[in-house]
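Step one of this worksheet: look at the structure below.
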Amino acid sequence: MKTKNSIVNKSFQKLQKVFGVSMVVLCSLGLESCDNSFLDVVPDNVSTLENAFKLRNEAEKYLFTCYAYIPKNGDGVYNIGMLAGDETWVSANRASVTSYAFNIATGTQRKADPYMNAWEGRYQAAGPSDRYPLYDGIRHCNVFLENVEDRTKVPDLSEGERLRWLAEAKFLKAYYHYYLMRMYGPIPVIRVNLPVDASNDQIQVAREPIDSTVDYLVSLLDEAAVGLPPLITDTQNELGRITRPAALGIKAELLLMAASPLFNGNADMAGLTAKDGTPLFNLVYDATKWKRASDAAKEAIDVAEANGHKIFYKNDVGFTISQTAKTKLDITQAVTERWNDELIWANPNSRTYELQRLCMMPLASTVNHSQARKIFSPTLESAMNFYTKNGVPIEEDKTLTFGDITELKEATAADKFNIKEGYRTSVINFNREPRFYADLGFDGAIFYKSSSGSDETKEVIRAKYQDYAGSSDAFDFNVTGYYIKKLINWEQTFGGGTMYKDYAWPELRLADLYLMYAEALNEAEGTAATTEILKYVDAIRARAGLNGVVDSWTNFSNNPAKYTTKDGLREIIHRERSIEMAFEGKNYWDIRRWKTATQEFNEPVKGWNVFGVTEASYYQIVTLSQQRFVAPRDYFWPIDETTLIQNPNLVQNPGW
């Protein structure tokens, strides 16, 4: 006699033929913790579905299995946006790190066994050892929903808790679909699991039109929001679980994507139809999609702020420090401070220890390169993207001229909290905004950390080839001369063993929502909403130590009326977003949805000559790579050729 578990196994095997994924049968995978406030659950294996939903304890373990599939964005290898674009670069020989996202940045994606293949869960797209394929996660969510919605099961579960758990599973199901859609465009939507006796016709699921998929996912997120708590009250055991602001925030992010040029009236997708001829994209631009996105973002902001979320300021330093150092901590700790008030959704299932080690640079000759690997290297273009000290782009500032950036300048006492006094470095490293100095390290830069106490100028980055932070190591070396400070918690220390303080990866910050709202509102209402738009943009600029947009552009820009037009304000918002969200894996997806990748990702990738020993040899601009982005092909991932053969109802993306 067949057991129910063996039947489920066969059903999973049939689905494997549809999607090409390796289905995990009821394998409960735990959420790791960084401290006692993190969700710390390591579920036991559950042998049968009957046992999984007999009692509350086992059902909760199954819920945490659903959580386990959240992409591990706190690891730079699995966060696609960190290395797939042009914001951060690594060594071309891959000796220091294996990243298949970097294959996308270098233009070597392929349709046979694609890199970062989230559809099938291969090549780092499904987390460590490819154990977390998203269609597996979706199936687990459906199993959970089917069983927990049945009131005859899990009899010891209270109704309030049942509604909350169902809401969490609905959120996760929607998020996993959204994550796939962002990469592939139209996808098969798995509303319910197929019966074990499903025919081949039933399991050969087709891709669905974008608009209907968005509507379905929005409905799931709305349903989830109703059942989710507005905030976590049990901070010892539940931090990291989904809340109402998180669900509403991801709904806003989804609708912002759907309103953007890549998805809204994209004529390049005219030929993408299902096998039955159904168009998968609506080719007619719909302005109301921006209104829908702005309304969603404002709702998320209002709910978040009503429940204590606010723009983060580091007000518990404990040392006497300058405002310069304080502002830099405000900026970086908004990302790295554990469970701070700005974090709407942080994922404790993704550890950040290794990410920090990949970014950190040695600050003394006694520090081994393996302790501070400095591999993740911001490009020269990333450095140029930040504003001047006057809060406008460097190419617009009418009071500052940078000229030949290989020209050197000596730091004075006025620069000492950002650049070591008396040190000579590129003119491009002077007169920049606080986020430049908070987020980036460079030759001669000050790195203020908690171990420095009140001595703000204690730690200096020396980056030439023979210096302690230089690129002399055979494997662990920086390739551009710029370093990421933003992602390193200020409590990092050397001596007696290198220590990095883990933090839950910030999937969604309030600042992110502010910029979503500003962008969508500008597109929906234009100059009629300028005052409201700038209210939210300026709140972020204030934390960054800058004056508001009107003051900065009026007094310092060679285009002072830029903010008075819809097009000009769009450019300002996009630039503000690219700076505020730098190195968090967001900018790559923004460039794609804005449909500007053809320009952004077809330029040479540049940095300093990190093998230079002297000032003259180090401060030479070198080209590391010439990126090649082919439109419309590279806007969406290819579906593996084998998957197309297995499921004849699927169609390939344009250009592949």
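Labels for the structure tokens follow display order: chains A, B, ..., residues from 1 in each chain, ligands from 1.
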
Give me every helix (DSSP H, G or I) residue in region 579-626 of chain A, going by DSSP on the backbone, as a list in words.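 Put together, the selection reads Ile579, Glu580, Asn587, Tyr588, Trp589, Asp590, Ile591, Arg592, Arg593, Ala597, Thr598, Gln599, Glu600, Glu615, Ala616, Ser617 and Tyr618 of chain A.
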
Take the selection from the previous step and output its residues with N, CA, C and O atoms, as a compact mmCIF listing (two decimals), in the first residue's frame.
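Final output, out32.txt:
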# COMPACT_ATOMS: atom_id res chain seq x y z
N ILE A 579 21.94 57.19 -4.80
CA ILE A 579 22.91 57.50 -3.75
C ILE A 579 22.49 56.90 -2.42
O ILE A 579 23.26 56.23 -1.74
N GLU A 580 21.24 57.13 -2.03
CA GLU A 580 20.76 56.65 -0.73
C GLU A 580 20.79 55.13 -0.64
O GLU A 580 21.09 54.57 0.41
N ASN A 587 20.07 49.27 -6.71
CA ASN A 587 20.26 50.10 -7.90
C ASN A 587 20.23 49.31 -9.19
O ASN A 587 19.75 49.80 -10.23
N TYR A 588 20.72 48.09 -9.16
CA TYR A 588 20.69 47.26 -10.37
C TYR A 588 19.26 47.06 -10.86
O TYR A 588 18.97 47.19 -12.06
N TRP A 589 18.35 46.76 -9.95
CA TRP A 589 16.96 46.53 -10.33
C TRP A 589 16.28 47.82 -10.76
O TRP A 589 15.41 47.82 -11.64
N ASP A 590 16.68 48.95 -10.13
CA ASP A 590 16.11 50.24 -10.53
C ASP A 590 16.50 50.59 -11.97
O ASP A 590 15.66 51.03 -12.76
N ILE A 591 17.76 50.40 -12.30
CA ILE A 591 18.22 50.72 -13.65
C ILE A 591 17.49 49.88 -14.69
O ILE A 591 17.14 50.36 -15.77
N ARG A 592 17.20 48.64 -14.34
CA ARG A 592 16.46 47.78 -15.25
C ARG A 592 15.01 48.26 -15.40
O ARG A 592 14.50 48.39 -16.52
N ARG A 593 14.34 48.53 -14.27
CA ARG A 593 12.93 48.90 -14.40
C ARG A 593 12.77 50.28 -15.02
O ARG A 593 11.76 50.56 -15.68
N ALA A 597 19.24 50.70 -18.69
CA ALA A 597 20.42 49.83 -18.67
C ALA A 597 21.20 49.88 -19.97
O ALA A 597 22.42 49.67 -19.97
N THR A 598 20.51 50.17 -21.07
CA THR A 598 21.21 50.25 -22.36
C THR A 598 22.30 51.31 -22.31
O THR A 598 23.37 51.16 -22.91
N GLN A 599 22.03 52.40 -21.59
CA GLN A 599 23.05 53.45 -21.45
C GLN A 599 24.01 53.13 -20.30
O GLN A 599 25.23 53.23 -20.46
N GLU A 600 23.46 52.73 -19.16
CA GLU A 600 24.27 52.55 -17.96
C GLU A 600 25.24 51.39 -18.06
O GLU A 600 26.37 51.46 -17.57
N GLU A 615 52.31 57.99 -5.87
CA GLU A 615 51.14 58.80 -6.18
C GLU A 615 50.92 58.87 -7.69
O GLU A 615 49.80 58.73 -8.19
N ALA A 616 52.00 59.09 -8.41
CA ALA A 616 51.90 59.27 -9.86
C ALA A 616 51.38 58.02 -10.55
O ALA A 616 50.58 58.10 -11.49
N SER A 617 51.81 56.85 -10.09
CA SER A 617 51.37 55.61 -10.74
C SER A 617 50.01 55.15 -10.24
O SER A 617 49.22 54.58 -11.00
N TYR A 618 49.71 55.41 -8.97
CA TYR A 618 48.43 54.95 -8.42
C TYR A 618 47.26 55.76 -8.99
O TYR A 618 46.23 55.19 -9.37

At a cut-off of 7 Å, using only C-alpha atoms, what residues contact region 509-513 of chain A? Leave out same-chain residues fewer than 5 positions from it and give the result as a CSV table (one decimal) with all heavy atoms, in the first residue's frame.
chain,number,residue,atom,x,y,z
A,249,GLY,N,4.7,47.6,2.3
A,249,GLY,CA,5.9,48.1,1.7
A,249,GLY,C,6.3,47.3,0.4
A,249,GLY,O,6.6,47.9,-0.6
A,297,ALA,N,2.4,53.3,-1.7
A,297,ALA,CA,3.6,53.7,-1.0
A,297,ALA,C,3.2,54.6,0.2
A,297,ALA,O,3.7,54.5,1.3
A,297,ALA,CB,4.6,54.4,-1.9
A,301,ILE,N,3.8,54.0,4.2
A,301,ILE,CA,4.5,55.0,5.0
A,301,ILE,C,3.7,55.3,6.2
A,301,ILE,O,4.2,55.4,7.4
A,301,ILE,CB,4.8,56.2,4.2
A,301,ILE,CG1,5.9,55.9,3.1
A,301,ILE,CG2,5.3,57.4,5.1
A,301,ILE,CD1,6.1,57.0,2.1
A,310,LYS,N,10.8,55.4,11.7
A,310,LYS,CA,11.2,56.7,11.5
A,310,LYS,C,12.6,56.7,10.9
A,310,LYS,O,13.3,55.7,11.0
A,310,LYS,CB,11.2,57.6,12.7
A,310,LYS,CG,12.0,57.0,13.9
A,310,LYS,CD,11.8,57.8,15.2
A,310,LYS,CE,12.5,57.1,16.3
A,310,LYS,NZ,12.2,57.8,17.6
A,311,ILE,N,13.0,57.8,10.3
A,311,ILE,CA,14.4,57.9,9.7
A,311,ILE,C,15.4,57.8,10.9
A,311,ILE,O,15.2,58.5,11.9
A,311,ILE,CB,14.5,59.2,8.9
A,311,ILE,CG1,13.6,59.2,7.7
A,311,ILE,CG2,16.0,59.4,8.5
A,311,ILE,CD1,13.9,58.1,6.7
A,342,GLU,N,14.3,52.5,11.6
A,342,GLU,CA,14.0,52.7,10.2
A,342,GLU,C,13.7,51.4,9.4
A,342,GLU,O,13.2,51.4,8.3
A,342,GLU,CB,15.3,53.3,9.5
A,342,GLU,CG,15.1,53.7,8.1
A,342,GLU,CD,16.1,54.7,7.5
A,342,GLU,OE1,16.7,55.5,8.3
A,342,GLU,OE2,16.4,54.6,6.3
A,343,LEU,N,14.1,50.2,10.0
A,343,LEU,CA,14.0,49.0,9.3
A,343,LEU,C,12.5,48.5,9.3
A,343,LEU,O,12.0,48.2,10.4
A,343,LEU,CB,14.9,47.9,10.0
A,343,LEU,CG,16.4,48.3,10.0
A,343,LEU,CD1,17.1,47.1,10.7
A,343,LEU,CD2,16.9,48.5,8.6
A,344,ILE,N,11.9,48.4,8.2
A,344,ILE,CA,10.6,47.9,8.1
A,344,ILE,C,10.6,46.4,7.9
A,344,ILE,O,9.7,45.7,8.5
A,344,ILE,CB,9.9,48.6,6.9
A,344,ILE,CG1,9.7,50.1,7.2
A,344,ILE,CG2,8.5,48.0,6.6
A,344,ILE,CD1,9.1,50.9,6.0
A,345,TRP,N,11.5,45.9,7.2
A,345,TRP,CA,11.7,44.4,7.1
A,345,TRP,C,13.1,44.1,7.0
A,345,TRP,O,13.9,44.5,6.1
A,345,TRP,CB,11.0,43.9,5.8
A,345,TRP,CG,11.1,42.4,5.6
A,345,TRP,CD1,11.3,41.5,6.6
A,345,TRP,CD2,11.1,41.7,4.4
A,345,TRP,NE1,11.4,40.2,6.0
A,345,TRP,CE2,11.2,40.3,4.7
A,345,TRP,CE3,10.9,42.1,3.0
A,345,TRP,CZ2,11.3,39.4,3.7
A,345,TRP,CZ3,10.9,41.1,2.1
A,345,TRP,CH2,11.1,39.8,2.4
A,540,ILE,N,15.2,62.7,3.7
A,540,ILE,CA,16.4,61.8,3.6
A,540,ILE,C,17.7,62.6,3.4
A,540,ILE,O,18.7,62.3,4.0
A,540,ILE,CB,16.2,60.9,2.3
A,540,ILE,CG1,15.0,59.9,2.6
A,540,ILE,CG2,17.5,60.1,2.0
A,540,ILE,CD1,14.6,59.2,1.3

Applying 9 Å and only C-alpha atoms, which residues near Tyr563 (chain A) remain after dropping the ones on its own chain fewer than 3 positions away? List them as a ChimeraX atom specification. /A:527,530,549-550,553,559-560,566-572

With distances taken over only C-alpha atoms, which residue among A:Thr366, A:Thr388, A:Thr596, A:Ser557 lies nearest Gly545 (chain A)?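 Smallest distance to Gly545 (chain A) is found for A:Thr388.
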
Quick one: of A:Ser382, A:Asn193, A:Thr480, A:Gln333, who's nearest to Asn147 (chain A), counting only C-alpha atoms? A:Asn193

What are the DSSP strand (DSSP E) residues of region 341-563 of chain A, as an NGL selection string? :A and (343-347 or 377-378 or 408-410 or 424-426 or 440-442 or 482-484 or 505-509)

I'd like to know which of A:Glu576, A:Ala518, A:Lys314, A:Asp295 is closest to Trp490 (chain A), using only C-alpha atoms.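 Residue with the minimum atom-to-atom distance to Trp490 (chain A): A:Lys314.
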
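Among A:Gln204, A:Asn478, A:Asn307, A:Thr493, the residue with the shortest atom-to-atom distance to Ile232 (chain A), counting only C-alpha atoms, is A:Asn307.
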
Find the residues near Leu380 (chain A): any atom within 9 Å, counting only C-alpha atoms, skip ones fewer than 4 places away on the same chain, and give them as JSON, numbers by chain. {"A": [87, 384, 385, 480, 481, 482, 605, 606, 607, 608, 621]}

Those same residues, written as a PDB file, in the first residue's frame with all heavy atoms?
ATOM      1  N   GLU A  87      27.862  48.867 -10.258  1.00  0.00           N
ATOM      2  CA  GLU A  87      28.087  49.619  -9.029  1.00  0.00           C
ATOM      3  C   GLU A  87      29.319  49.128  -8.287  1.00  0.00           C
ATOM      4  O   GLU A  87      30.089  49.915  -7.726  1.00  0.00           O
ATOM      5  CB  GLU A  87      26.845  49.481  -8.149  1.00  0.00           C
ATOM      6  CG  GLU A  87      26.796  50.407  -6.967  1.00  0.00           C
ATOM      7  CD  GLU A  87      25.468  50.309  -6.235  1.00  0.00           C
ATOM      8  OE1 GLU A  87      24.994  49.175  -5.973  1.00  0.00           O
ATOM      9  OE2 GLU A  87      24.896  51.367  -5.919  1.00  0.00           O
ATOM     10  N   MET A 384      31.779  58.816  -8.550  1.00  0.00           N
ATOM     11  CA  MET A 384      31.401  60.061  -9.215  1.00  0.00           C
ATOM     12  C   MET A 384      29.913  60.364  -9.032  1.00  0.00           C
ATOM     13  O   MET A 384      29.491  61.518  -9.159  1.00  0.00           O
ATOM     14  CB  MET A 384      31.716  59.967 -10.710  1.00  0.00           C
ATOM     15  CG  MET A 384      33.177  59.714 -11.049  1.00  0.00           C
ATOM     16  SD  MET A 384      34.198  61.174 -10.959  1.00  0.00           S
ATOM     17  CE  MET A 384      33.799  61.953 -12.516  1.00  0.00           C
ATOM     18  N   ASN A 385      29.121  59.351  -8.735  1.00  0.00           N
ATOM     19  CA  ASN A 385      27.671  59.515  -8.662  1.00  0.00           C
ATOM     20  C   ASN A 385      27.224  60.345  -7.461  1.00  0.00           C
ATOM     21  O   ASN A 385      26.200  61.019  -7.510  1.00  0.00           O
ATOM     22  CB  ASN A 385      26.998  58.141  -8.607  1.00  0.00           C
ATOM     23  CG  ASN A 385      25.496  58.211  -8.707  1.00  0.00           C
ATOM     24  OD1 ASN A 385      24.939  58.774  -9.652  1.00  0.00           O
ATOM     25  ND2 ASN A 385      24.801  57.648  -7.732  1.00  0.00           N
ATOM     26  N   THR A 480      39.543  48.589  -7.687  1.00  0.00           N
ATOM     27  CA  THR A 480      39.241  49.950  -8.153  1.00  0.00           C
ATOM     28  C   THR A 480      39.878  51.045  -7.315  1.00  0.00           C
ATOM     29  O   THR A 480      39.962  52.193  -7.759  1.00  0.00           O
ATOM     30  CB  THR A 480      37.724  50.200  -8.146  1.00  0.00           C
ATOM     31  OG1 THR A 480      37.251  50.171  -6.786  1.00  0.00           O
ATOM     32  CG2 THR A 480      36.982  49.173  -8.986  1.00  0.00           C
ATOM     33  N   GLY A 481      40.299  50.725  -6.087  1.00  0.00           N
ATOM     34  CA  GLY A 481      40.815  51.756  -5.199  1.00  0.00           C
ATOM     35  C   GLY A 481      39.744  52.378  -4.321  1.00  0.00           C
ATOM     36  O   GLY A 481      40.045  53.260  -3.510  1.00  0.00           O
ATOM     37  N   TYR A 482      38.503  51.927  -4.450  1.00  0.00           N
ATOM     38  CA  TYR A 482      37.430  52.362  -3.552  1.00  0.00           C
ATOM     39  C   TYR A 482      36.922  51.163  -2.765  1.00  0.00           C
ATOM     40  O   TYR A 482      36.931  50.032  -3.256  1.00  0.00           O
ATOM     41  CB  TYR A 482      36.288  53.025  -4.322  1.00  0.00           C
ATOM     42  CG  TYR A 482      36.633  54.428  -4.774  1.00  0.00           C
ATOM     43  CD1 TYR A 482      37.021  54.686  -6.088  1.00  0.00           C
ATOM     44  CD2 TYR A 482      36.597  55.497  -3.879  1.00  0.00           C
ATOM     45  CE1 TYR A 482      37.362  55.969  -6.498  1.00  0.00           C
ATOM     46  CE2 TYR A 482      36.939  56.783  -4.270  1.00  0.00           C
ATOM     47  CZ  TYR A 482      37.319  57.014  -5.581  1.00  0.00           C
ATOM     48  OH  TYR A 482      37.669  58.281  -5.971  1.00  0.00           O
ATOM     49  N   VAL A 605      34.043  50.142 -17.362  1.00  0.00           N
ATOM     50  CA  VAL A 605      34.133  50.103 -15.902  1.00  0.00           C
ATOM     51  C   VAL A 605      35.542  50.534 -15.521  1.00  0.00           C
ATOM     52  O   VAL A 605      36.526  49.927 -15.969  1.00  0.00           O
ATOM     53  CB  VAL A 605      33.830  48.696 -15.372  1.00  0.00           C
ATOM     54  CG1 VAL A 605      34.007  48.640 -13.858  1.00  0.00           C
ATOM     55  CG2 VAL A 605      32.416  48.272 -15.763  1.00  0.00           C
ATOM     56  N   LYS A 606      35.646  51.555 -14.683  1.00  0.00           N
ATOM     57  CA  LYS A 606      36.952  52.151 -14.412  1.00  0.00           C
ATOM     58  C   LYS A 606      37.262  52.219 -12.923  1.00  0.00           C
ATOM     59  O   LYS A 606      36.374  52.171 -12.079  1.00  0.00           O
ATOM     60  CB  LYS A 606      37.015  53.562 -15.010  1.00  0.00           C
ATOM     61  CG  LYS A 606      36.881  53.599 -16.529  1.00  0.00           C
ATOM     62  CD  LYS A 606      36.937  55.014 -17.055  1.00  0.00           C
ATOM     63  CE  LYS A 606      36.811  55.050 -18.573  1.00  0.00           C
ATOM     64  NZ  LYS A 606      36.854  56.433 -19.091  1.00  0.00           N
ATOM     65  N   GLY A 607      38.543  52.322 -12.636  1.00  0.00           N
ATOM     66  CA  GLY A 607      39.016  52.495 -11.272  1.00  0.00           C
ATOM     67  C   GLY A 607      40.409  53.085 -11.301  1.00  0.00           C
ATOM     68  O   GLY A 607      40.937  53.439 -12.373  1.00  0.00           O
ATOM     69  N   TRP A 608      41.027  53.207 -10.131  1.00  0.00           N
ATOM     70  CA  TRP A 608      42.414  53.651 -10.051  1.00  0.00           C
ATOM     71  C   TRP A 608      43.357  52.476 -10.325  1.00  0.00           C
ATOM     72  O   TRP A 608      42.952  51.314 -10.223  1.00  0.00           O
ATOM     73  CB  TRP A 608      42.713  54.238  -8.674  1.00  0.00           C
ATOM     74  CG  TRP A 608      41.927  55.467  -8.334  1.00  0.00           C
ATOM     75  CD1 TRP A 608      41.057  55.615  -7.298  1.00  0.00           C
ATOM     76  CD2 TRP A 608      41.944  56.724  -9.020  1.00  0.00           C
ATOM     77  NE1 TRP A 608      40.519  56.871  -7.294  1.00  0.00           N
ATOM     78  CE2 TRP A 608      41.048  57.584  -8.346  1.00  0.00           C
ATOM     79  CE3 TRP A 608      42.615  57.213 -10.137  1.00  0.00           C
ATOM     80  CZ2 TRP A 608      40.811  58.903  -8.738  1.00  0.00           C
ATOM     81  CZ3 TRP A 608      42.381  58.522 -10.542  1.00  0.00           C
ATOM     82  CH2 TRP A 608      41.496  59.352  -9.855  1.00  0.00           C
ATOM     83  N   ILE A 621      43.813  56.447 -14.199  1.00  0.00           N
ATOM     84  CA  ILE A 621      42.534  55.775 -14.436  1.00  0.00           C
ATOM     85  C   ILE A 621      42.763  54.578 -15.352  1.00  0.00           C
ATOM     86  O   ILE A 621      43.380  54.698 -16.407  1.00  0.00           O
ATOM     87  CB  ILE A 621      41.519  56.745 -15.078  1.00  0.00           C
ATOM     88  CG1 ILE A 621      41.258  57.929 -14.151  1.00  0.00           C
ATOM     89  CG2 ILE A 621      40.211  56.024 -15.395  1.00  0.00           C
ATOM     90  CD1 ILE A 621      40.431  59.029 -14.785  1.00  0.00           C
TER      91      ILE A 621
END

Taking only C-alpha atoms into account, name the residue in A:Pro186, A:Pro362, A:Gly655, A:Gly526 that is nearest to Tyr468 (chain A). A:Pro362

CA of Phe442 (chain A) and CA of Asn429 (chain A), how far apart in Å? 8.1 Å

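Here CA of Arg182 (chain A) stands at a distance of 28.7 Å from CA of Ser96 (chain A).
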
Residues within 10 Å of Asn315 (chain A), please, as JSON, numbers by chain. Count only C-alpha atoms; anything in the same chain fewer than 3 positions from it doesn't count. {"A": [312, 318, 326, 329, 330]}

Between A:Gln371, A:Gly612, A:Leu650, A:Arg628, which residue has the minimum interatomic distance to Gln109 (chain A), considering only C-alpha atoms?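 Distance minimum relative to Gln109 (chain A) lands on A:Arg628.
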
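Distance-wise, CA of Val284 (chain A) and CA of Met269 (chain A) end up 11.1 Å apart.
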